[in-house]
Amino acid sequence: MRKIQSVAVLGAGTMGTGIAGLAAEKDFKVLLLDVSLEAAEKALQRIVGGRPPALDTPEKASNITLGTLEDDLDKIKDYDWICEAIIEDLDTKRALFKRIETLRSDHSVVSTNTSGIPLHAISEGMTESLRNNLVVTHFFNPVKIMRLLEIVPGVDTDPEVVEILSDFCRNQLGKGIVHAKDTVNFIGNRIGCFWMLMGLHKASDALDRGLSMETIDAVMSSPMGLPPTGFYGLIDLIGLDVMDFVGKNLKQNLPEGDAGRAFTDFPESVQKMLEHGQLGRKSGGGFYRVTKRDDGSKSKETFDLKNESWRPFQEITLADDQQSPDVMFSDSAEGRLAWDIMGGTLCYAADLIPEISGDVVNIDRAMRWGFGWQKGPFELIDALGAEKFIEKIKQSDQALPAMLQRLDDTGCKHFYQNGHQEYFGTDGCYHPLPAE
Ligand SMILES: NC(=O)c1ccc[n+]([C@@H]2O[C@H](COP(=O)([O-])OP(=O)(O)OC[C@H]3O[C@@H](n4cnc5c(N)ncnc54)[C@H](O)[C@@H]3O)[C@@H](O)[C@H]2O)c1
């Protein structure tokens with residue numbers, strides 16, 4: 001099998017610097033190109049001195065050679081992995097790949113770091129040789145910290161290329177590899193963005209029923225096995241501008257009949273925030289803001305979506321019986337919220353096999369490694385009790401999502417068995433779990 005010992009990173013922005021820094025840290029030879037030498041040099045400064053730096057060992061910056069896309073692209077012939085990480089624009093990426101096509105060596109593997117453009121759109125009209133050697137490598141930001149890497153082959157990709165890149169990124173760069181299909185937003189963002197966009201609407205209904213934003217965040221964090229940022233807190237971190245971009249892309253590209261199509265627009269109050277530039281942490285405040293008082297102390301405030309005004313943040317302590325995901329089986333307001341957002345997302349995930357992933361394992365790993373969920377959707381359904389979960393869906397007169405229907409049809413009770421050594425496949429049989 002071909003081996004990767006050097007990486008040419010094209011584009012030295014957020015992702016390019018992250019990938020270049022990680023490869024240099026692990027002692028691989030890196031070529032880093034950007035639009036100008038000045039841009040590339042600034043990128044190297046960020047790699048070494050950014051907060052946090054992409055390189056932990058500053059001396060290893062000597063593994064990186066800088067250059068420009070205009071003058072130095074021919075150097076890629078000496079590199080084993082050509083990793084494109086320029087702006088998210090189809091024509092710009094296609095124009096660069098046209099040049100890569102003539103300059104790369106035949107033994108090289110090539111990847112694009114798109115987050116939303118289908119691989120088949122990028123590779124259309126390329127030579128067979130490039131199509132055979134091309135995949136999407138979908139890293140998460142910050143590259144050094146986030147374990148998830150989704151690898152997405154096209155219809156013409158040689159399986160050996162997936163194997164070479166998976167092996168290198170897993171064993172040399174320390175990534176957790178998830179195998180995804182060439183569908184909109186791949187796995188992690190398809191499910192994670194549904195959770196957020198659908199969640200904004202369901203959370204808005206919960207506010208109408210009298211829950212506070214702080215309670216919504218308290219339920220949508222540790223009780224569900226989710227990070228402490230909670231629901232509104234995570235959207236503040238990402239920014240409403242990014243969520244709006246994601247929603248527009250989904251509106252265009254989600255397949256007909258997909259449950260996510262109903263939620264690609266924001267609820268009215270959130271749309272107003274976007275229009276006022278109240279985007280989240282990056283704009284000084286979104287759903288929450290932290291302000292400094294004259295005496296230097298800090299105060300946290302909540303943008304009350306019902307009254308559309310700021311008020312002091314309220315600390316929430318949930319009752320004991322609301323501290324676990326089982327709350328979604330209760331009739332309380334908190335339970336209904338948990339069922340709507342978390343239960344709804346689990347159902348969405350269970351309906352996306354085989355469309356976005358061949359099995360439950362890749363979906364569970366994507367949500368654990370990319371979104372910090374303690375349990376992936378199918379692991380969480382197992383923890384809740386698949387039978388109980390299925391019964392609740394049946395009671396609400398909803399159709400069972402595909403994988404739950406399969407479980408129900410076969411009479412199986414779990415997505416994983418034998419101490420998490422085996423998983424339930426689309427064929428209704430259990431299979432050995434692939435190594436991480
Ligand atoms: N930022 C993320 O969280 C994230 C996550 C996953 C994937 N991605 C994808 O990775 C790719 C890079 O994203 P990023 O966040 O690093 O972007 P970025 O804006 O930080 O960097 C893009 C780089 O492209 C260069 N560039 C600008 N115009 C160019 C042109 N006409 N030709 C060639 N290069 C040009 C810029 O100088 C910059 O260094 C995008 O396709 C993006 O969708 C981003």
# chains A, B, ... in the order shown; residues from 1 in each chain; ligands from 1
call {"tool": "residues_near_ligand", "arguments": {"ligand": "ligand 1", "cutoff": "10 Å", "atoms": "only C-alpha atoms and all ligand atoms", "output": "VMD selection string"}}
result
chain A and resid 10 to 19 32 to 36 38 to 40 42 to 43 68 to 70 84 to 93 95 to 96 112 to 117 136 to 143 149 to 150 185 189 238 242
call {"tool": "residues_around", "arguments": {"residues": "Phe186 (chain A)", "least_positions_apart": "5", "cutoff": "8 Å", "atoms": "only C-alpha atoms", "output": "JSON, numbers by chain"}}
result
{"A": [150, 152, 180, 181, 356]}
call {"tool": "select_by_dssp", "arguments": {"residues": "region 173-258 of chain A", "states": "strand (DSSP E or B)", "output": "number ranges by chain"}}
result
A: 176-179
call {"tool": "residues_around", "arguments": {"residues": "region 389-404 of chain A", "least_positions_apart": "2", "cutoff": "10 Å", "atoms": "only C-alpha atoms", "output": "PyMOL selection string"}}
result
chain A and resi 326+328-329+339+343-344+346-354+359-360+378+381-387+406-410+412-415+424-426+428
call {"tool": "residues_around", "arguments": {"residues": "Gly174 (chain A)", "least_positions_apart": "4", "cutoff": "8 Å", "atoms": "only C-alpha atoms", "output": "count of residues only"}}
result
3
call {"tool": "closest_atom_pairs", "arguments": {"of": "region 189-212 of chain A", "to": "region 305-319 of chain A", "cutoff": "12 Å", "atoms": "only C-alpha atoms", "output": "JSON lines"}}
result
{"residue": "A:Leu200", "atom": "CA", "partner": "A:Leu305", "partner_atom": "CA", "distance": 11.1}
{"residue": "A:Ala203", "atom": "CA", "partner": "A:Leu305", "partner_atom": "CA", "distance": 10.5}
{"residue": "A:Ser204", "atom": "CA", "partner": "A:Leu305", "partner_atom": "CA", "distance": 8.4}
{"residue": "A:Asp205", "atom": "CA", "partner": "A:Lys306", "partner_atom": "CA", "distance": 10.8}
{"residue": "A:Ala206", "atom": "CA", "partner": "A:Lys306", "partner_atom": "CA", "distance": 11.0}
{"residue": "A:Leu207", "atom": "CA", "partner": "A:Lys306", "partner_atom": "CA", "distance": 7.3}
{"residue": "A:Asp208", "atom": "CA", "partner": "A:Lys306", "partner_atom": "CA", "distance": 7.9}
{"residue": "A:Arg209", "atom": "CA", "partner": "A:Lys306", "partner_atom": "CA", "distance": 11.0}
{"residue": "A:Gly210", "atom": "CA", "partner": "A:Lys306", "partner_atom": "CA", "distance": 9.8}
{"residue": "A:Leu211", "atom": "CA", "partner": "A:Lys306", "partner_atom": "CA", "distance": 10.7}
{"residue": "A:Ser212", "atom": "CA", "partner": "A:Gln314", "partner_atom": "CA", "distance": 8.9}
call {"tool": "atom_distance", "arguments": {"atom1": "CA of Asn249 (chain A)", "atom2": "CA of Val184 (chain A)"}}
result
8.4 Å
call {"tool": "residues_around", "arguments": {"residues": "Ile122 (chain A)", "least_positions_apart": "2", "cutoff": "7 Å", "atoms": "only C-alpha atoms", "output": "PyMOL selection string"}}
result
chain A and resi 90+94+118-120+124
call {"tool": "select_by_dssp", "arguments": {"residues": "region 130-242 of chain A", "states": "helix (DSSP H, G or I)", "output": "PyMOL selection string"}}
result
chain A and resi 130-132+159-171+188-208+213-219+222-224+230-238+240-242
call {"tool": "write_last_selection", "arguments": {"atoms": "C-alpha atoms", "output": "compact mmCIF listing (two decimals), in the first residue's frame"}}
result
# COMPACT_ATOMS: atom_id res chain seq x y z
CA LEU A 130 -7.69 12.28 -10.11
CA ARG A 131 -11.23 11.01 -9.45
CA ASN A 132 -9.76 7.64 -8.43
CA PRO A 159 -10.94 2.03 -1.92
CA GLU A 160 -7.18 1.90 -1.33
CA VAL A 161 -7.15 5.72 -1.13
CA VAL A 162 -9.68 5.66 1.72
CA GLU A 163 -7.57 3.01 3.41
CA ILE A 164 -4.30 4.96 3.03
CA LEU A 165 -5.77 8.20 4.36
CA SER A 166 -7.70 6.50 7.16
CA ASP A 167 -4.59 4.67 8.25
CA PHE A 168 -2.44 7.81 8.19
CA CYS A 169 -4.93 10.10 9.89
CA ARG A 170 -5.82 7.50 12.54
CA ASN A 171 -2.38 6.17 13.38
CA GLY A 188 -21.98 14.90 12.13
CA ASN A 189 -23.26 18.20 10.77
CA ARG A 190 -26.34 16.62 9.19
CA ILE A 191 -27.52 15.39 12.59
CA GLY A 192 -25.95 18.14 14.72
CA CYS A 193 -27.45 20.93 12.60
CA PHE A 194 -30.87 19.24 12.67
CA TRP A 195 -30.61 19.20 16.47
CA MET A 196 -29.93 22.95 16.43
CA LEU A 197 -32.29 24.15 13.68
CA MET A 198 -35.22 21.91 14.60
CA GLY A 199 -34.36 22.61 18.23
CA LEU A 200 -34.75 26.39 17.80
CA HIS A 201 -38.39 25.82 16.83
CA LYS A 202 -39.13 23.24 19.52
CA ALA A 203 -37.37 25.37 22.14
CA SER A 204 -39.50 28.32 21.01
CA ASP A 205 -42.64 26.19 21.66
CA ALA A 206 -41.24 25.30 25.09
CA LEU A 207 -40.73 29.02 25.86
CA ASP A 208 -44.38 29.56 24.95
CA MET A 213 -34.01 29.58 28.24
CA GLU A 214 -31.77 28.62 31.15
CA THR A 215 -33.96 25.57 31.86
CA ILE A 216 -33.84 24.57 28.21
CA ASP A 217 -30.03 24.74 28.33
CA ALA A 218 -29.91 22.87 31.62
CA VAL A 219 -32.00 20.00 30.18
CA SER A 222 -25.56 16.93 31.12
CA PRO A 223 -28.97 15.16 31.53
CA MET A 224 -28.81 14.24 27.83
CA GLY A 230 -26.28 23.44 26.33
CA PHE A 231 -28.56 24.42 23.49
CA TYR A 232 -28.64 28.21 23.13
CA GLY A 233 -25.09 28.29 24.49
CA LEU A 234 -23.79 26.14 21.63
CA ILE A 235 -25.52 28.28 19.00
CA ASP A 236 -23.96 31.37 20.62
CA LEU A 237 -20.57 29.71 20.20
CA ILE A 238 -21.14 28.85 16.54
CA LEU A 240 -26.24 32.80 14.00
CA ASP A 241 -24.52 33.89 10.77
CA VAL A 242 -23.01 30.40 10.39
call {"tool": "residues_around", "arguments": {"residues": "Ala20 (chain A)", "least_positions_apart": "5", "cutoff": "9 Å", "atoms": "only C-alpha atoms", "output": "MDAnalysis selection string"}}
result
chainID A and resid 7:9 12 15 25 30:32 47 54:55 64
call {"tool": "residues_around", "arguments": {"residues": "Lys251 (chain A)", "least_positions_apart": "3", "cutoff": "7 Å", "atoms": "only C-alpha atoms", "output": "list in words"}}
result
Gly247, Lys248, Leu254, Arg261 and Thr264 of chain A
call {"tool": "write_last_selection", "arguments": {"atoms": "C-alpha atoms", "output": "PDB file, in the first residue's frame"}}
result
ATOM      1  CA  GLY A 247     -29.860  26.521   6.954  1.00  0.00           C
ATOM      2  CA  LYS A 248     -29.722  28.008   3.450  1.00  0.00           C
ATOM      3  CA  LEU A 254     -31.748  18.281   1.676  1.00  0.00           C
ATOM      4  CA  ARG A 261     -36.708  20.707   5.444  1.00  0.00           C
ATOM      5  CA  THR A 264     -34.197  25.486   7.648  1.00  0.00           C
TER       6      THR A 264
END
